[in-house]
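**Student:** I have a structure here, written as structure tokens, and I will follow up with some questions on it.
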Amino acid sequence: MPSEGLSPDLPVTLVHACRRDGAGGSPTAVVLETGRRGEPIDDEARRRVPGAWGASHAVYVRVHDEDAPEPTVDLRFFTAEGELPACGHGTVAALVLLASRATPGEPYRATLRTARHVLSGRARAEGDQGSGLFDPGPVDLRAPTPAELALVLPALGLAPGEAGPDVQVAGVGRERILVPVASRAALAALAPDPARLRAACDRLGLLGAYVHSPPSPSGSLAARMFAPSIGVPEDIANANSTACLAAHLATRGHTDLAVDMGDALGSPARITATVVDRRDAGAGVGAGAGAGVSRPGPRILIGGTALIEG
């Protein structure tokens, strides 16, 4: 892979995270910093890694007490635009790579430390393939403000009435807007204005817009994530936004989701989400919180499969 302008000893592994039916996934650059010799990696170099490796995101991994039954793992996430507080598919990629370096086929568990949260994660890998599962931390939910709707929906190319009535704003590390549309076909036809959407998200302090179809009775749906404010016009897989949606749909009785992403980019992806603690699911955001007022959602586990590029 290309590494122009980067240290030749930088230990980068490309991991395709959140694959669907053995194909696709989001290429993610995973950098294992544990035991690395040489100069420390500065943040400018960290930002260059995703583009150099054909990825939208890079995750930097430092393991403490590597031989412990459950090591502590520090994670930092970067796009070309800078550092992020969280990245779900990057977390899956890191977990599967770490599991591949442990006992093959055996469960791997770790305590994950990100910029804002301490999380639990587990994975299992055999050869160059595996699966990862993690708790992304607390999800905050709220109704959008009129200004948020007025700026974001037209930037997505949605005319009045084309978005469902149950738009939400949700955060796990940083807020993003969740926008329902009528069908998978409507989702596939969506053509946002990237510059206009970036301006709207920058003004509102949003990570981006996660647009989704209605869930089937079994919890199957499709989604697209647009995040131009962090240098990602469209994300192949976005696990943390899926966690946000799962927290919201738990108020509608859905406890398990299987979300298809990446089709518009030619790289099929799937993220699973399971509600494991409904204590805060309540009766929905609209029942007790107005626009701009957040409330905690239930606890979610996010999962996906991954392939480690040889």
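Going through the structure tokens in order, the chains are called A, B, and so on, while each chain numbers its residues from 1 and the ligands are numbered from 1 in the order shown.
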Determine, counting only C-alpha atoms, which protein, DNA and RNA residues have an atom within 12 Å of an atom of region 70-73 of chain A; residues of the same chain fewer than 5 positions away are not included. Present the result as a ChimeraX atom specification.
**Tutor:** /A:32-34,59-65,91,94-95,98-99,102,107-115,117-123
**Student:** Given only C-alpha atoms, how would the per-residue table for region 76-162 of chain A near region 247-251 of chain A read, listing every residue at most 10 Å away with its closest atom pair and distance in Å to one decimal, sorted by chain and number, as JSON lines?
**Tutor:**
{"residue": "A:Pro138", "atom": "CA", "partner": "A:Ala247", "partner_atom": "CA", "distance": 9.3}
{"residue": "A:Val139", "atom": "CA", "partner": "A:Ala247", "partner_atom": "CA", "distance": 6.9}
{"residue": "A:Asp140", "atom": "CA", "partner": "A:Ala247", "partner_atom": "CA", "distance": 8.6}
{"residue": "A:Leu141", "atom": "CA", "partner": "A:His248", "partner_atom": "CA", "distance": 7.1}
{"residue": "A:Arg142", "atom": "CA", "partner": "A:His248", "partner_atom": "CA", "distance": 9.4}
**Student:** Generate the output file for the selected residues, N, CA and C atoms, as a PDB file, in the first residue's frame.
**Tutor:**
ATOM      1  N   PRO A 138     -22.877   5.410  26.484  1.00  0.00           N
ATOM      2  CA  PRO A 138     -24.229   5.975  26.556  1.00  0.00           C
ATOM      3  C   PRO A 138     -24.606   6.761  25.309  1.00  0.00           C
ATOM      4  N   VAL A 139     -25.847   6.596  24.887  1.00  0.00           N
ATOM      5  CA  VAL A 139     -26.413   7.327  23.751  1.00  0.00           C
ATOM      6  C   VAL A 139     -27.397   8.354  24.282  1.00  0.00           C
ATOM      7  N   ASP A 140     -27.227   9.613  23.876  1.00  0.00           N
ATOM      8  CA  ASP A 140     -28.185  10.661  24.220  1.00  0.00           C
ATOM      9  C   ASP A 140     -29.081  10.932  23.027  1.00  0.00           C
ATOM     10  N   LEU A 141     -30.372  11.068  23.283  1.00  0.00           N
ATOM     11  CA  LEU A 141     -31.377  11.272  22.244  1.00  0.00           C
ATOM     12  C   LEU A 141     -32.166  12.537  22.522  1.00  0.00           C
ATOM     13  N   ARG A 142     -32.536  13.223  21.456  1.00  0.00           N
ATOM     14  CA  ARG A 142     -33.410  14.383  21.604  1.00  0.00           C
ATOM     15  C   ARG A 142     -34.129  14.654  20.287  1.00  0.00           C
TER      16      ARG A 142
END
**Student:** Show me, as a ChimeraX atom specification, the residues that have an atom within 8 Å of region 130-135 of chain A when counting only C-alpha atoms, minus same-chain residues fewer than 2 positions from it.
**Tutor:** /A:91-93,95-96,99-100,119-128,137,299-307
**Student:** Using the chain letters and numbers from this document, which residues of region 129-291 of chain A does DSSP assign to strand (DSSP E), as a ChimeraX atom specification?
**Tutor:** /A:129-134,140-142,168-171,175-180,209-212,220-227,232-235,256-261,269-277
**Student:** Could you save the residues just selected, with N, CA and C atoms, as a CSV table (one decimal), in the first residue's frame?
**Tutor:**
chain,number,residue,atom,x,y,z
A,129,GLN,N,-9.8,-13.6,9.5
A,129,GLN,CA,-11.2,-13.2,9.6
A,129,GLN,C,-11.7,-13.3,11.0
A,130,GLY,N,-12.7,-12.5,11.4
A,130,GLY,CA,-13.2,-12.5,12.7
A,130,GLY,C,-14.4,-11.7,12.9
A,131,SER,N,-14.8,-11.6,14.1
A,131,SER,CA,-16.0,-10.7,14.4
A,131,SER,C,-15.7,-10.0,15.7
A,132,GLY,N,-16.2,-8.8,15.9
A,132,GLY,CA,-16.1,-8.0,17.1
A,132,GLY,C,-17.4,-7.4,17.6
A,133,LEU,N,-17.4,-7.2,18.9
A,133,LEU,CA,-18.6,-6.7,19.5
A,133,LEU,C,-18.2,-5.8,20.6
A,134,PHE,N,-18.9,-4.6,20.8
A,134,PHE,CA,-18.5,-3.7,21.8
A,134,PHE,C,-19.7,-2.9,22.2
A,140,ASP,N,-27.2,9.6,23.9
A,140,ASP,CA,-28.2,10.7,24.2
A,140,ASP,C,-29.1,10.9,23.0
A,141,LEU,N,-30.4,11.1,23.3
A,141,LEU,CA,-31.4,11.3,22.2
A,141,LEU,C,-32.2,12.5,22.5
A,142,ARG,N,-32.5,13.2,21.5
A,142,ARG,CA,-33.4,14.4,21.6
A,142,ARG,C,-34.1,14.7,20.3
A,168,GLN,N,-34.6,12.4,14.6
A,168,GLN,CA,-34.0,12.5,15.9
A,168,GLN,C,-32.6,13.0,15.8
A,169,VAL,N,-32.1,13.6,16.9
A,169,VAL,CA,-30.7,13.9,17.0
A,169,VAL,C,-30.1,13.1,18.1
A,170,ALA,N,-29.0,12.4,17.9
A,170,ALA,CA,-28.5,11.4,18.8
A,170,ALA,C,-27.0,11.6,18.9
A,171,GLY,N,-26.4,11.3,20.1
A,171,GLY,CA,-25.0,11.4,20.3
A,171,GLY,C,-24.4,10.3,21.0
A,175,GLU,N,-22.9,14.5,18.4
A,175,GLU,CA,-24.3,14.4,17.9
A,175,GLU,C,-24.3,14.3,16.4
A,176,ARG,N,-25.3,13.5,15.9
A,176,ARG,CA,-25.6,13.4,14.5
A,176,ARG,C,-27.1,13.4,14.3
A,177,ILE,N,-27.6,13.7,13.2
A,177,ILE,CA,-29.1,13.7,13.0
A,177,ILE,C,-29.5,12.4,12.3
A,178,LEU,N,-30.5,11.8,12.8
A,178,LEU,CA,-31.1,10.5,12.2
A,178,LEU,C,-32.4,10.8,11.5
A,179,VAL,N,-32.4,10.5,10.2
A,179,VAL,CA,-33.5,11.0,9.3
A,179,VAL,C,-34.1,9.7,8.6
A,180,PRO,N,-35.4,9.4,9.0
A,180,PRO,CA,-36.0,8.3,8.3
A,180,PRO,C,-36.6,8.7,6.9
A,209,ALA,N,-25.2,13.3,8.9
A,209,ALA,CA,-26.6,12.9,8.8
A,209,ALA,C,-26.7,11.4,8.4
A,210,TYR,N,-27.4,10.7,9.2
A,210,TYR,CA,-27.6,9.2,9.1
A,210,TYR,C,-29.0,9.0,8.6
A,211,VAL,N,-29.2,8.6,7.4
A,211,VAL,CA,-30.5,8.5,6.8
A,211,VAL,C,-30.8,7.0,6.6
A,212,HIS,N,-32.1,6.6,7.0
A,212,HIS,CA,-32.4,5.2,7.1
A,212,HIS,C,-33.8,4.9,6.6
A,220,SER,N,-34.5,-5.6,10.2
A,220,SER,CA,-33.6,-5.3,9.0
A,220,SER,C,-33.9,-4.0,8.4
A,221,LEU,N,-32.9,-3.3,8.0
A,221,LEU,CA,-33.1,-2.0,7.4
A,221,LEU,C,-31.8,-1.6,6.7
A,222,ALA,N,-31.9,-0.5,5.9
A,222,ALA,CA,-30.7,0.1,5.3
A,222,ALA,C,-30.5,1.5,5.7
A,223,ALA,N,-29.2,1.9,5.6
A,223,ALA,CA,-28.9,3.3,6.0
A,223,ALA,C,-27.7,3.8,5.2
A,224,ARG,N,-27.6,5.2,5.1
A,224,ARG,CA,-26.5,5.9,4.5
A,224,ARG,C,-26.1,7.0,5.5
A,225,MET,N,-24.7,7.1,5.7
A,225,MET,CA,-24.2,8.1,6.6
A,225,MET,C,-23.4,9.1,5.8
A,226,PHE,N,-23.8,10.4,5.9
A,226,PHE,CA,-23.1,11.5,5.2
A,226,PHE,C,-22.4,12.3,6.2
A,227,ALA,N,-21.1,12.5,6.2
A,227,ALA,CA,-20.3,13.2,7.2
A,227,ALA,C,-19.2,14.1,6.5
A,232,VAL,N,-15.6,13.0,5.2
A,232,VAL,CA,-16.1,11.7,4.7
A,232,VAL,C,-17.5,12.0,4.0
A,233,PRO,N,-17.5,12.3,2.7
A,233,PRO,CA,-18.8,12.6,2.1
A,233,PRO,C,-19.9,11.5,2.3
A,234,GLU,N,-19.5,10.2,2.2
A,234,GLU,CA,-20.4,9.1,2.6
A,234,GLU,C,-19.5,8.0,3.2
A,235,ASP,N,-20.0,7.5,4.3
A,235,ASP,CA,-19.3,6.4,5.0
A,235,ASP,C,-19.8,5.1,4.6
A,256,ASP,N,-33.3,-5.7,18.2
A,256,ASP,CA,-32.2,-6.2,17.4
A,256,ASP,C,-32.3,-5.6,16.0
A,257,LEU,N,-31.2,-5.1,15.5
A,257,LEU,CA,-31.2,-4.5,14.2
A,257,LEU,C,-30.1,-5.1,13.4
A,258,ALA,N,-30.3,-5.2,12.1
A,258,ALA,CA,-29.2,-5.6,11.1
A,258,ALA,C,-29.3,-4.6,10.0
A,259,VAL,N,-28.3,-3.7,10.0
A,259,VAL,CA,-28.3,-2.5,9.1
A,259,VAL,C,-27.4,-2.7,8.0
A,260,ASP,N,-27.9,-2.6,6.8
A,260,ASP,CA,-27.1,-2.7,5.5
A,260,ASP,C,-26.7,-1.3,5.1
A,261,MET,N,-25.4,-1.1,4.8
A,261,MET,CA,-24.8,0.1,4.4
A,261,MET,C,-23.9,-0.2,3.2
A,269,ALA,N,-21.9,-3.5,3.4
A,269,ALA,CA,-21.5,-3.5,4.8
A,269,ALA,C,-22.8,-3.9,5.6
A,270,ARG,N,-22.5,-4.5,6.8
A,270,ARG,CA,-23.6,-4.8,7.7
A,270,ARG,C,-23.2,-4.6,9.1
A,271,ILE,N,-24.0,-3.9,9.9
A,271,ILE,CA,-23.7,-3.7,11.3
A,271,ILE,C,-24.9,-4.2,12.1
A,272,THR,N,-24.6,-5.0,13.2
A,272,THR,CA,-25.7,-5.5,14.0
A,272,THR,C,-25.7,-4.6,15.3
A,273,ALA,N,-26.9,-4.5,15.9
A,273,ALA,CA,-27.1,-3.8,17.1
A,273,ALA,C,-28.1,-4.5,18.0
A,274,THR,N,-27.8,-4.7,19.2
A,274,THR,CA,-28.7,-5.4,20.2
A,274,THR,C,-28.9,-4.6,21.4
A,275,VAL,N,-30.1,-4.4,21.8
A,275,VAL,CA,-30.4,-3.7,23.1
A,275,VAL,C,-30.3,-4.7,24.2
A,276,VAL,N,-29.4,-4.4,25.1
A,276,VAL,CA,-29.1,-5.3,26.2
A,276,VAL,C,-29.6,-4.8,27.6
A,277,ASP,N,-30.1,-3.5,27.6
A,277,ASP,CA,-30.6,-2.9,28.9
A,277,ASP,C,-31.6,-1.9,28.5
**Student:** Please indicate the distance in Å from CA of Val152 (chain A) to CA of Ala191 (chain A), rounded to one decimal place.
**Tutor:**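 These atoms are spaced 12.9 Å apart.
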**Student:** Return as a compact mmCIF listing (two decimals) with N, CA, C and O atoms, in the first residue's frame the full set of residues in region 103-272 of chain A whose backbone-based DSSP assignment is helix (DSSP H, G or I).
**Tutor:**
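See out-v6.txt below for the written result:
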# COMPACT_ATOMS: atom_id res chain seq x y z
N PRO A 146 -36.22 23.25 15.10
CA PRO A 146 -36.66 23.68 13.77
C PRO A 146 -35.50 24.14 12.90
O PRO A 146 -35.50 23.90 11.68
N ALA A 147 -34.50 24.79 13.49
CA ALA A 147 -33.35 25.26 12.70
C ALA A 147 -32.57 24.07 12.14
O ALA A 147 -32.10 24.13 10.99
N GLU A 148 -32.42 23.02 12.91
CA GLU A 148 -31.71 21.84 12.42
C GLU A 148 -32.46 21.21 11.25
O GLU A 148 -31.84 20.85 10.22
N LEU A 149 -33.75 21.08 11.35
CA LEU A 149 -34.53 20.52 10.26
C LEU A 149 -34.46 21.41 9.02
O LEU A 149 -34.30 20.92 7.89
N ALA A 150 -34.56 22.71 9.22
CA ALA A 150 -34.57 23.65 8.10
C ALA A 150 -33.26 23.66 7.33
O ALA A 150 -33.23 23.90 6.12
N LEU A 151 -32.15 23.41 8.02
CA LEU A 151 -30.84 23.43 7.37
C LEU A 151 -30.46 22.07 6.78
O LEU A 151 -29.93 22.00 5.66
N VAL A 152 -30.72 20.99 7.50
CA VAL A 152 -30.20 19.69 7.09
C VAL A 152 -31.05 19.03 6.02
O VAL A 152 -30.52 18.49 5.04
N LEU A 153 -32.38 19.04 6.17
CA LEU A 153 -33.21 18.27 5.24
C LEU A 153 -33.07 18.75 3.79
O LEU A 153 -32.88 17.92 2.89
N PRO A 154 -33.09 20.06 3.50
CA PRO A 154 -32.86 20.48 2.10
C PRO A 154 -31.46 20.13 1.60
O PRO A 154 -31.28 19.80 0.43
N ALA A 155 -30.46 20.18 2.49
CA ALA A 155 -29.10 19.82 2.08
C ALA A 155 -29.00 18.35 1.70
O ALA A 155 -28.15 17.96 0.88
N ARG A 184 -36.25 1.70 1.12
CA ARG A 184 -34.88 1.50 0.65
C ARG A 184 -34.67 2.17 -0.70
O ARG A 184 -33.58 2.68 -0.98
N ALA A 185 -35.69 2.17 -1.54
CA ALA A 185 -35.57 2.82 -2.85
C ALA A 185 -35.37 4.33 -2.68
O ALA A 185 -34.54 4.93 -3.38
N ALA A 186 -36.11 4.95 -1.78
CA ALA A 186 -35.93 6.38 -1.52
C ALA A 186 -34.55 6.66 -0.97
O ALA A 186 -33.92 7.68 -1.31
N LEU A 187 -34.05 5.77 -0.14
CA LEU A 187 -32.71 5.92 0.41
C LEU A 187 -31.66 5.84 -0.71
O LEU A 187 -30.74 6.66 -0.77
N ALA A 188 -31.81 4.86 -1.60
CA ALA A 188 -30.84 4.69 -2.68
C ALA A 188 -30.83 5.88 -3.63
O ALA A 188 -29.80 6.22 -4.20
N PRO A 194 -23.09 17.95 -1.03
CA PRO A 194 -22.06 17.83 0.01
C PRO A 194 -21.64 19.16 0.62
O PRO A 194 -21.45 19.25 1.84
N ALA A 195 -21.48 20.19 -0.21
CA ALA A 195 -21.04 21.49 0.32
C ALA A 195 -22.11 22.09 1.22
O ALA A 195 -21.81 22.64 2.29
N ARG A 196 -23.34 22.00 0.79
CA ARG A 196 -24.45 22.56 1.59
C ARG A 196 -24.62 21.78 2.88
O ARG A 196 -24.87 22.37 3.95
N LEU A 197 -24.48 20.45 2.80
CA LEU A 197 -24.63 19.64 4.01
C LEU A 197 -23.48 19.91 4.98
O LEU A 197 -23.70 20.00 6.19
N ARG A 198 -22.28 20.07 4.45
CA ARG A 198 -21.16 20.37 5.33
C ARG A 198 -21.38 21.71 6.03
O ARG A 198 -21.14 21.83 7.25
N ALA A 199 -21.82 22.71 5.29
CA ALA A 199 -22.06 24.02 5.91
C ALA A 199 -23.11 23.92 7.00
O ALA A 199 -22.98 24.53 8.07
N ALA A 200 -24.18 23.15 6.74
CA ALA A 200 -25.24 22.99 7.74
C ALA A 200 -24.72 22.29 8.98
O ALA A 200 -24.97 22.72 10.12
N CYS A 201 -23.98 21.19 8.77
CA CYS A 201 -23.48 20.43 9.93
C CYS A 201 -22.44 21.23 10.71
O CYS A 201 -22.42 21.20 11.94
N ASP A 202 -21.58 21.97 10.00
CA ASP A 202 -20.60 22.81 10.69
C ASP A 202 -21.30 23.87 11.54
O ASP A 202 -20.91 24.13 12.68
N ARG A 203 -22.32 24.48 10.98
CA ARG A 203 -23.04 25.54 11.71
C ARG A 203 -23.74 24.98 12.95
O ARG A 203 -23.79 25.63 14.00
N LEU A 204 -24.26 23.75 12.82
CA LEU A 204 -25.05 23.16 13.91
C LEU A 204 -24.20 22.31 14.86
O LEU A 204 -24.71 21.85 15.89
N PRO A 228 -19.62 14.99 5.67
CA PRO A 228 -18.61 15.83 5.01
C PRO A 228 -17.81 16.70 5.97
O PRO A 228 -16.69 17.09 5.66
N SER A 229 -18.36 16.99 7.14
CA SER A 229 -17.65 17.85 8.09
C SER A 229 -16.39 17.20 8.64
O SER A 229 -15.51 17.90 9.15
N ILE A 230 -16.29 15.87 8.56
CA ILE A 230 -15.07 15.20 8.99
C ILE A 230 -14.31 14.63 7.80
O ILE A 230 -13.46 13.74 7.94
N ALA A 239 -20.91 2.46 12.60
CA ALA A 239 -21.46 1.65 13.69
C ALA A 239 -22.02 2.50 14.81
O ALA A 239 -23.04 2.15 15.42
N ASN A 240 -21.38 3.61 15.15
CA ASN A 240 -21.88 4.42 16.26
C ASN A 240 -23.22 5.07 15.93
O ASN A 240 -24.08 5.21 16.79
N SER A 241 -23.40 5.47 14.67
CA SER A 241 -24.72 6.00 14.28
C SER A 241 -25.77 4.91 14.34
O SER A 241 -26.93 5.16 14.68
N THR A 242 -25.37 3.67 14.01
CA THR A 242 -26.29 2.55 14.13
C THR A 242 -26.68 2.32 15.59
O THR A 242 -27.83 2.01 15.90
N ALA A 243 -25.71 2.50 16.50
CA ALA A 243 -26.03 2.41 17.92
C ALA A 243 -27.05 3.48 18.32
O ALA A 243 -27.97 3.22 19.10
N CYS A 244 -26.87 4.68 17.78
CA CYS A 244 -27.81 5.76 18.07
C CYS A 244 -29.21 5.40 17.59
O CYS A 244 -30.21 5.61 18.30
N LEU A 245 -29.29 4.87 16.36
CA LEU A 245 -30.60 4.48 15.84
C LEU A 245 -31.21 3.36 16.67
O LEU A 245 -32.41 3.37 16.95
N ALA A 246 -30.38 2.40 17.08
CA ALA A 246 -30.89 1.29 17.90
C ALA A 246 -31.46 1.80 19.21
O ALA A 246 -32.51 1.33 19.69
N ALA A 247 -30.80 2.78 19.82
CA ALA A 247 -31.31 3.35 21.06
C ALA A 247 -32.66 4.01 20.85
O ALA A 247 -33.57 3.90 21.68
N HIS A 248 -32.81 4.68 19.71
CA HIS A 248 -34.09 5.32 19.41
C HIS A 248 -35.17 4.29 19.11
O HIS A 248 -36.28 4.35 19.65
N LEU A 249 -34.85 3.30 18.25
CA LEU A 249 -35.87 2.33 17.85
C LEU A 249 -36.25 1.39 18.99
O LEU A 249 -37.29 0.73 18.93
N ALA A 250 -35.43 1.32 20.02
CA ALA A 250 -35.81 0.55 21.21
C ALA A 250 -37.09 1.10 21.81
O ALA A 250 -37.88 0.35 22.41
N THR A 251 -37.32 2.40 21.64
CA THR A 251 -38.55 3.00 22.16
C THR A 251 -39.76 2.59 21.32
O THR A 251 -40.89 2.82 21.71
N ARG A 252 -39.49 1.96 20.16
CA ARG A 252 -40.57 1.49 19.28
C ARG A 252 -40.68 -0.03 19.31
O ARG A 252 -41.35 -0.62 18.47
N ASP A 263 -23.92 0.20 -0.06
CA ASP A 263 -24.31 -0.18 -1.42
C ASP A 263 -24.06 0.94 -2.43
O ASP A 263 -23.64 0.67 -3.56
N ALA A 264 -24.31 2.18 -2.04
CA ALA A 264 -24.10 3.30 -2.95
C ALA A 264 -22.63 3.48 -3.30
O ALA A 264 -22.30 4.11 -4.31
N LEU A 265 -21.74 2.91 -2.49
CA LEU A 265 -20.30 3.03 -2.71
C LEU A 265 -19.68 1.75 -3.24
O LEU A 265 -18.46 1.65 -3.38
**Student:** Can you work out the spacing between CA of Ala163 (chain A) and CA of Ala189 (chain A) in Å, to one decimal?
**Tutor:** 13.1 Å
**Student:** Could you name the residues that touch Pro27 (chain A) at 10 Å or less, counting only C-alpha atoms, but leaving out those on the same chain fewer than 4 positions away, as a ChimeraX atom specification?
**Tutor:** /A:13-19,50,53-58,89-90,93,236-237,267,306-309
